[in-house]
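Visitor: Input file: final_28.txt. Contents: compact mmCIF, C-alpha atoms and all ligand atoms.
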```txt
# COMPACT_ATOMS: atom_id res chain seq x y z
CA MET A 240 145.45 69.03 60.09
CA ILE A 241 147.68 66.29 61.47
CA GLN A 242 145.98 62.96 62.25
CA VAL A 243 147.70 60.41 64.45
CA ALA A 244 146.79 57.24 66.30
CA GLY A 245 150.08 56.67 68.13
CA ILE A 246 151.37 58.30 71.31
CA ASP A 247 154.99 58.81 70.14
CA GLU A 248 153.83 60.48 66.97
CA LEU A 249 151.47 62.73 68.91
CA ARG A 250 154.24 63.71 71.32
CA HIS A 251 156.54 64.51 68.41
CA HIS A 252 154.01 66.93 66.87
CA VAL A 253 153.11 68.56 70.18
CA ALA A 254 156.83 69.04 70.95
CA THR A 255 157.32 70.70 67.56
CA ALA A 256 154.46 73.11 68.31
CA ARG A 257 155.89 73.85 71.76
CA ASN A 258 159.36 74.45 70.34
CA ALA A 259 157.79 77.01 68.02
CA GLY A 260 156.47 78.77 71.14
CA GLN A 261 152.87 77.66 70.76
CA THR A 262 150.48 77.01 73.63
CA VAL A 263 148.51 73.77 73.54
CA ALA A 264 144.85 73.01 74.26
CA LEU A 265 143.23 69.60 74.53
CA VAL A 266 139.55 68.83 73.92
CA PRO A 267 138.81 65.22 74.84
CA THR A 268 135.77 63.72 73.05
CA MET A 269 134.23 60.40 72.15
CA GLY A 270 133.60 61.52 68.58
CA CYS A 271 130.33 61.65 66.65
CA LEU A 272 131.06 65.35 66.72
CA HIS A 273 128.30 67.95 66.75
CA ARG A 274 127.90 71.68 67.31
CA GLY A 275 128.44 71.22 71.06
CA HIS A 276 131.91 69.80 70.44
CA ARG A 277 132.60 72.48 67.83
CA SER A 278 131.88 75.19 70.39
CA LEU A 279 134.54 73.62 72.64
CA PHE A 280 137.03 73.67 69.75
CA ALA A 281 136.27 77.37 69.22
CA VAL A 282 136.93 78.11 72.91
CA ALA A 283 140.19 76.13 72.70
CA ARG A 284 141.24 78.01 69.57
CA ARG A 285 140.58 81.38 71.17
CA GLN A 286 142.67 80.49 74.22
CA SER A 287 145.59 78.61 72.66
CA ASP A 288 147.67 78.28 69.50
CA PHE A 289 147.66 74.53 68.88
CA VAL A 290 144.39 72.65 69.44
CA VAL A 291 144.51 68.90 69.98
CA VAL A 292 141.23 66.97 69.82
CA SER A 293 141.13 63.39 71.00
CA ILE A 294 138.47 60.98 69.82
CA PHE A 295 138.34 57.85 71.92
CA VAL A 296 135.30 55.84 72.92
CA ASN A 297 136.74 54.82 76.24
CA PRO A 298 135.72 51.26 77.15
CA LEU A 299 136.67 51.87 80.78
CA GLN A 300 133.83 54.34 81.34
CA PHE A 301 131.05 52.07 80.07
CA GLY A 302 129.42 49.51 82.33
CA PRO A 303 128.90 45.93 81.10
CA THR A 304 125.22 46.63 80.25
CA GLU A 305 125.81 50.09 78.77
CA ASP A 306 125.98 51.27 75.18
CA PHE A 307 129.69 50.93 74.32
CA ASP A 308 128.96 48.83 71.22
CA ARG A 309 126.02 50.97 70.16
CA TYR A 310 127.79 54.26 70.78
CA PRO A 311 127.67 56.11 67.43
CA ARG A 312 130.97 56.33 65.57
CA THR A 313 131.45 58.65 62.56
CA PRO A 314 135.23 58.91 62.02
CA GLU A 315 135.21 60.44 58.52
CA ASP A 316 132.67 63.13 59.38
CA ASP A 317 134.57 63.84 62.60
CA ALA A 318 137.87 64.40 60.77
CA ALA A 319 136.15 66.74 58.31
CA ILE A 320 134.62 68.76 61.17
CA CYS A 321 137.97 69.04 62.97
CA ARG A 322 139.68 70.17 59.77
CA LYS A 323 137.03 72.82 59.21
CA GLU A 324 137.20 74.03 62.81
CA GLY A 325 140.94 74.75 62.73
CA VAL A 326 141.97 71.79 64.89
CA ALA A 327 145.75 71.34 64.58
CA LEU A 328 145.96 67.68 65.54
CA LEU A 329 143.39 64.89 65.77
CA PHE A 330 144.39 62.02 68.04
CA SER A 331 142.33 58.84 67.55
CA PRO A 332 144.03 56.03 69.44
CA GLU A 333 142.94 52.40 69.39
CA PRO A 334 141.95 50.89 72.75
CA GLU A 335 145.14 48.79 72.77
CA THR A 336 147.22 51.98 72.43
CA MET A 337 145.56 53.41 75.54
CA TYR A 338 145.39 50.27 77.67
CA ALA A 339 148.01 47.56 78.02
CA PRO A 340 146.33 44.14 78.29
CA ASP A 341 147.41 43.98 81.95
CA HIS A 342 146.78 47.64 82.84
CA SER A 343 146.08 47.87 86.54
CA VAL A 344 146.30 51.52 87.62
CA VAL A 345 143.25 53.77 87.79
CA VAL A 346 142.52 57.31 88.96
CA GLU A 347 139.51 57.57 91.21
CA GLU A 348 137.74 60.63 92.59
CA THR A 349 135.98 59.52 95.73
CA SER A 350 133.55 62.27 96.68
CA LEU A 351 131.98 64.27 93.85
CA SER A 352 131.58 61.13 91.77
CA ARG A 353 129.37 59.33 94.29
CA GLY A 354 126.02 60.97 93.52
CA LEU A 355 124.02 61.83 90.42
CA CYS A 356 125.34 59.92 87.38
CA GLY A 357 127.92 58.19 89.57
CA ALA A 358 125.18 56.60 91.67
CA HIS A 359 123.63 55.06 88.56
CA ARG A 360 126.73 54.27 86.50
CA SER A 361 129.06 52.28 88.70
CA GLY A 362 132.72 52.81 87.72
CA HIS A 363 131.84 55.39 85.06
CA PHE A 364 133.74 58.31 86.56
CA ARG A 365 136.71 56.11 87.46
CA GLY A 366 136.91 55.37 83.74
CA VAL A 367 136.61 59.06 82.90
CA THR A 368 139.25 60.29 85.36
CA THR A 369 141.61 57.50 84.35
CA VAL A 370 141.39 58.24 80.64
CA VAL A 371 141.51 62.02 81.09
CA ALA A 372 144.57 61.73 83.37
CA LYS A 373 146.20 59.57 80.70
CA LEU A 374 145.33 62.07 77.96
CA PHE A 375 146.74 64.90 80.10
CA ASN A 376 149.99 62.93 80.53
CA ILE A 377 150.15 62.09 76.83
CA VAL A 378 149.41 65.59 75.46
CA GLN A 379 150.55 67.75 78.41
CA PRO A 380 148.31 70.63 77.36
CA ASP A 381 148.21 74.08 78.95
CA ILE A 382 144.42 74.07 78.98
CA ALA A 383 141.66 71.50 78.50
CA VAL A 384 138.09 72.37 77.56
CA PHE A 385 135.02 70.51 78.87
CA GLY A 386 131.30 71.07 78.44
CA GLN A 387 129.02 72.29 81.19
CA LYS A 388 126.43 69.85 79.87
CA ASP A 389 128.41 67.19 81.74
CA ALA A 390 128.59 69.38 84.84
CA GLN A 391 129.48 66.55 87.20
CA GLN A 392 132.26 65.35 84.92
CA THR A 393 133.70 68.86 84.65
CA ALA A 394 133.62 69.31 88.44
CA ILE A 395 135.35 65.94 88.93
CA ILE A 396 138.08 66.80 86.41
CA ARG A 397 138.66 70.12 88.18
CA ARG A 398 138.98 68.25 91.48
CA MET A 399 141.36 65.73 89.90
CA VAL A 400 143.77 68.36 88.58
CA ARG A 401 143.62 70.20 91.89
CA ASP A 402 144.21 67.14 94.06
CA LEU A 403 146.86 65.55 91.82
CA ASN A 404 148.61 68.86 91.00
CA ILE A 405 148.22 68.32 87.29
CA PRO A 406 149.37 71.54 85.61
CA VAL A 407 146.40 71.93 83.24
CA ARG A 408 143.89 74.78 83.41
CA ILE A 409 140.33 73.50 83.04
CA VAL A 410 137.97 75.64 80.99
CA ALA A 411 134.21 75.01 81.07
CA ALA A 412 132.12 75.86 78.02
CA PRO A 413 128.34 76.44 77.96
CA THR A 414 125.81 73.86 76.76
CA ILE A 415 124.85 74.13 73.10
CA ARG A 416 121.23 73.26 72.28
CA GLU A 417 119.04 72.48 69.30
CA SER A 418 116.59 75.24 68.38
CA ASP A 419 113.87 73.42 70.35
CA GLY A 420 116.05 73.36 73.49
CA LEU A 421 117.31 69.76 73.48
CA ALA A 422 120.98 69.71 74.51
CA LEU A 423 123.13 68.41 71.67
CA SER A 424 124.42 64.94 72.39
CA SER A 425 125.91 62.16 70.30
CA ARG A 426 123.21 59.93 71.79
CA ASN A 427 120.39 62.06 70.31
CA ARG A 428 120.83 60.22 67.05
CA LEU A 429 119.85 56.99 68.79
CA LEU A 430 116.33 58.43 69.34
CA ASP A 431 113.55 57.63 66.88
CA HIS A 432 111.75 60.57 65.31
CA ASP A 433 108.83 60.66 67.75
CA THR A 434 110.99 60.25 70.86
CA ARG A 435 113.41 62.89 69.62
CA ARG A 436 110.49 65.31 69.25
CA ARG A 437 109.23 64.57 72.75
CA ALA A 438 112.72 64.78 74.29
CA THR A 439 112.34 68.57 74.36
CA VAL A 440 110.40 67.96 77.57
CA ILE A 441 113.75 67.55 79.37
CA HIS A 442 114.88 71.11 78.77
CA HIS A 443 111.34 72.49 79.04
CA SER A 444 110.95 70.96 82.50
CA LEU A 445 114.18 72.67 83.61
CA CYS A 446 113.07 75.99 82.10
CA ALA A 447 109.73 75.67 83.92
CA ALA A 448 111.67 75.11 87.15
CA LEU A 449 113.72 78.26 86.53
CA GLU A 450 110.48 80.13 85.89
CA SER A 451 109.04 78.87 89.23
CA TYR A 452 112.22 80.07 90.91
CA ARG A 453 111.79 83.50 89.32
CA ARG A 454 108.23 83.60 90.67
CA GLY A 455 109.59 82.97 94.17
CA GLU A 456 109.59 79.17 94.64
CA ARG A 457 112.56 78.14 96.77
CA ASP A 458 111.64 74.61 97.86
CA ALA A 459 114.00 72.21 96.08
CA GLY A 460 111.80 69.18 96.79
CA ARG A 461 108.77 70.74 95.11
CA ILE A 462 110.83 71.85 92.12
CA ARG A 463 112.29 68.36 91.73
CA ARG A 464 108.84 66.75 91.92
CA ASP A 465 107.56 69.16 89.25
CA ILE A 466 110.47 68.29 86.96
CA VAL A 467 109.89 64.56 87.39
CA SER A 468 106.14 64.70 86.84
CA ARG A 469 106.47 66.90 83.75
CA ILE A 470 109.04 64.58 82.15
CA GLU A 471 107.25 61.38 83.12
CA GLU A 472 104.02 62.62 81.55
CA GLN A 473 105.71 61.56 78.32
CA PRO A 474 105.17 57.87 77.62
CA SER A 475 108.43 55.85 77.85
CA PHE A 476 110.33 58.66 79.63
CA SER A 477 111.55 57.91 83.13
CA VAL A 478 113.66 60.12 85.35
CA GLU A 479 116.75 58.52 86.82
CA TYR A 480 117.42 61.55 89.01
CA ALA A 481 116.30 65.15 89.24
CA ALA A 482 118.54 67.06 91.60
CA ALA A 483 119.12 70.54 92.94
CA ILE A 484 122.81 70.75 93.78
CA ASP A 485 125.44 73.31 94.67
CA ALA A 486 127.38 74.02 91.47
CA GLY A 487 130.75 73.74 93.20
CA THR A 488 130.35 70.91 95.70
CA LEU A 489 127.54 69.03 93.86
CA GLU A 490 125.90 68.58 97.29
CA PRO A 491 122.08 68.53 97.26
CA VAL A 492 120.45 71.72 98.53
CA SER A 493 117.01 72.01 100.11
CA ARG A 494 116.52 75.70 99.27
CA LEU A 495 117.10 77.13 95.82
CA ARG A 496 119.49 80.05 95.46
CA SER A 497 122.04 81.35 93.01
CA ASN A 498 124.90 79.00 92.12
CA VAL A 499 122.59 75.99 92.23
CA LEU A 500 122.31 73.57 89.33
CA LEU A 501 119.12 71.75 88.43
CA ALA A 502 120.32 68.51 86.88
CA VAL A 503 118.46 65.55 85.40
CA ALA A 504 119.16 62.17 83.88
CA VAL A 505 116.37 60.65 81.85
CA ARG A 506 115.92 57.26 80.27
CA THR A 507 113.80 56.66 77.23
CA GLY A 508 113.97 53.20 75.73
CA ASN A 509 117.61 52.26 76.00
CA VAL A 510 118.90 55.81 75.61
CA ARG A 511 120.03 57.88 78.58
CA LEU A 512 120.09 61.67 78.30
CA ILE A 513 121.38 64.26 80.78
CA ASP A 514 120.90 67.99 81.05
CA ASN A 515 121.26 70.80 83.57
CA VAL A 516 120.59 74.49 83.98
CA SER A 517 122.08 76.92 86.42
CA ILE A 518 120.26 79.37 88.69
CA ALA A 519 122.06 82.66 88.02
P1 LIG B 601 131.54 63.44 74.60
O1 LIG B 601 132.03 63.29 73.20
O2 LIG B 601 130.07 63.23 74.76
O3 LIG B 601 132.37 62.65 75.59
O4 LIG B 601 131.76 64.96 74.99
C1 LIG B 601 133.01 65.57 74.83
C2 LIG B 601 132.96 66.95 75.43
O5 LIG B 601 131.95 67.71 74.75
C3 LIG B 601 132.57 66.94 76.91
O6 LIG B 601 133.38 67.90 77.59
C4 LIG B 601 131.13 67.34 76.89
O7 LIG B 601 130.72 68.01 78.07
C5 LIG B 601 131.09 68.29 75.70
N1 LIG B 601 129.74 68.40 75.17
C6 LIG B 601 128.90 67.39 74.82
N2 LIG B 601 127.70 67.87 74.43
C7 LIG B 601 127.78 69.23 74.54
C8 LIG B 601 126.87 70.30 74.30
N3 LIG B 601 125.62 70.08 73.87
N4 LIG B 601 127.29 71.56 74.52
C9 LIG B 601 128.56 71.80 74.98
N5 LIG B 601 129.46 70.83 75.22
C10 LIG B 601 129.09 69.56 75.01
```
Could you render the structure as structure tokens?
Ligand code: AMP
Guide:
Amino acid sequence: MIQVAGIDELRHHVATARNAGQTVALVPTMGCLHRGHRSLFAVARRQSDFVVVSIFVNPLQFGPTEDFDRYPRTPEDDAAICRKEGVALLFSPEPETMYAPDHSVVVEETSLSRGLCGAHRSGHFRGVTTVVAKLFNIVQPDIAVFGQKDAQQTAIIRRMVRDLNIPVRIVAAPTIRESDGLALSSRNRLLDHDTRRRATVIHHSLCAALESYRRGERDAGRIRRDIVSRIEEQPSFSVEYAAAIDAGTLEPVSRLRSNVLLAVAVRTGNVRLIDNVSIA
């Protein structure tokens, strides 16, 4: 596996792969890699010849009071995982490589990014679209793989490539969970033992909502209230939002139907966790 931190070096290796006729996939991550990331690498490997993984904790997508400094970083373990997963090139730039001190251009999606996480994390998605657009320009992949766990992010990236005519095919990969249902997340390791155990309530509340739907419940308001009350029964858990949204437009719906996502963001202590399930 090739490991680089510089853009010229990365471009050199990607060009060599392209000259050999290989197709290129990019999987952008913030590191602290887990089975969820690994599943994205496997999707990328199946659909391309040369898999590039980027690891960059992007300062631009963290608000001033958010967990940029606390965000877990495990560079050695990450490199070992990438090597084992057949990643061809690991790109781990320093912030100064990605952002000139006087950088002043951003990419902003102005519709899908307003609600849900965007309503609670001002500037977050502007940071995401800016860094992903930069990574697309740097790597120029054929495809890029994103997780459905971050459903809003994936929808925004799809919109960005559509609206800016970026020639990258976006592939969404399903959410990978622990055996007790908790969606894998780098932030899970910030939870203490007891909170981690109780965090299963997030997925269980969504499963209970799906079960209500199967029994005939269609009222989105009632379903949302049930999700909130179930999660907030747990001491120290508070729901930032619980939403029923159209999977494509991310617009709230009042009646449940297929192609609707039930999405939540939950705070416990100073950790924020998100999850969603889809009504088939
Ligand atoms: P992150 O490192 O958290 O920025 O995530 C990098 C990519 O991995 C994003 O496209 C996420 O949606 C995806 N991802 C994170 N957690 C999971 C998971 N549990 N299952 C599938 N994909 C995930």
Visitor: Excluding same-chain residues fewer than 2 positions from range 303-317 of chain A, what lies within 12 Å of it counting all atoms listed in the file, as a PyMOL selection string?
Guide: chain A and resi 242+268-274+276-277+292-301+319-324+326+329-332+359-363+424-430+509-511
Visitor: Could you please extract the residues within 6 Å of ligand LIG 601 (chain B), counting all atoms listed in the file, and hand them back as a ChimeraX atom specification?
Guide: /A:267-270,275-276,385-389,413-416,422-424
Visitor: What is the distance, in Å and to one decimal place, between CA of Phe375 in chain A and CA of Ala339 in chain A?
Guide: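 Atom-to-atom, CA of Phe375 in chain A to CA of Ala339 in chain A, that is 17.5 Å.
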Visitor: Taking all listed atoms of range 316-329 of chain A, build the axis-aligned box, pad each of the six sides by 5 Å, then write its centre and edge lengths in Å to one decimal as lines of an AutoDock Vina configuration file.
Guide:
```
center_x = 139.3
center_y = 68.9
center_z = 62.0
size_x = 23.3
size_y = 21.6
size_z = 17.5
```
Visitor: I'd like the interatomic distance between CA of Cys356 in chain A and CA of His342 in chain A, to a tenth of an Å.
Guide: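 Pair CA of Cys356 in chain A / CA of His342 in chain A returns 25.1 Å.
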Visitor: List as a PDB file with C-alpha atoms, keeping the file's coordinate frame the residues having at least one atom at most 8 Å from position (110.0, 59.9, 75.0) as given in the file, counting all atoms listed in the file.
Guide:
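Now in selection_18.pdb:
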```pdb
ATOM      1  CA  ASP A 433     108.830  60.660  67.750  1.00  0.00           C
ATOM      2  CA  THR A 434     110.990  60.250  70.860  1.00  0.00           C
ATOM      3  CA  ARG A 435     113.410  62.890  69.620  1.00  0.00           C
ATOM      4  CA  ARG A 436     110.490  65.310  69.250  1.00  0.00           C
ATOM      5  CA  ARG A 437     109.230  64.570  72.750  1.00  0.00           C
ATOM      6  CA  ALA A 438     112.720  64.780  74.290  1.00  0.00           C
ATOM      7  CA  GLN A 473     105.710  61.560  78.320  1.00  0.00           C
ATOM      8  CA  PRO A 474     105.170  57.870  77.620  1.00  0.00           C
ATOM      9  CA  SER A 475     108.430  55.850  77.850  1.00  0.00           C
ATOM     10  CA  PHE A 476     110.330  58.660  79.630  1.00  0.00           C
ATOM     11  CA  THR A 507     113.800  56.660  77.230  1.00  0.00           C
ATOM     12  CA  GLY A 508     113.970  53.200  75.730  1.00  0.00           C
TER      13      GLY A 508
END
```
Visitor: With a distance cut-off of 7 Å and only C-alpha atoms, select the neighbouring residues of Leu445 in chain A, excluding the residue or stretch itself and same-chain residues fewer than 4 positions from it, and output the selection as a count of residues only.
Guide: 5
Visitor: Quote the spacing between CA of Val290 in chain A and CA of Ala254 in chain A in Å to one decimal place.
Guide: 13.0 Å
Visitor: Do you know which residues are at most 9 Å from Val400 in chain A counting all atoms listed in the file, after dropping those on the same chain fewer than 6 positions away, and could you put them as a list in words?
Guide: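 Contacts, with the query itself left out: Ala372, Pro406, Val407, Arg408 and Ile409 of chain A.
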Visitor: Name the closest residue to Ser477 in chain A among the candidates A:Ile396, A:Val367, A:Arg496, A:Leu512; distances are taken between atoms, counting all atoms listed in the file.
Guide: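 Distance minimum relative to Ser477 in chain A lands on A:Leu512.
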Visitor: Out of A:Val384, A:Leu351, A:Arg494, A:Ser468, which residue has the shortest atom-to-atom distance to Ser278 in chain A when counting only C-alpha atoms?
Guide: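 So, comparing all the options, the nearest one is A:Val384.
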Visitor: Could you give me, as number ranges by chain, the residues within 7 Å of Phe364 in chain A, counting all atoms listed in the file and dropping anything in the same chain fewer than 4 positions from it?
Guide: A: 300, 352, 357, 368
Visitor: Write out as a list in words which residues come within 10 Å of Glu490 in chain A when counting all atoms listed in the file, dropping same-chain ones fewer than 4 positions away.
Guide: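 Here the answer would be Ser350, Leu351, Gly354, Leu355, Ala482, Ala483, Ile484, Asp485, Ala486 and Val499 of chain A.
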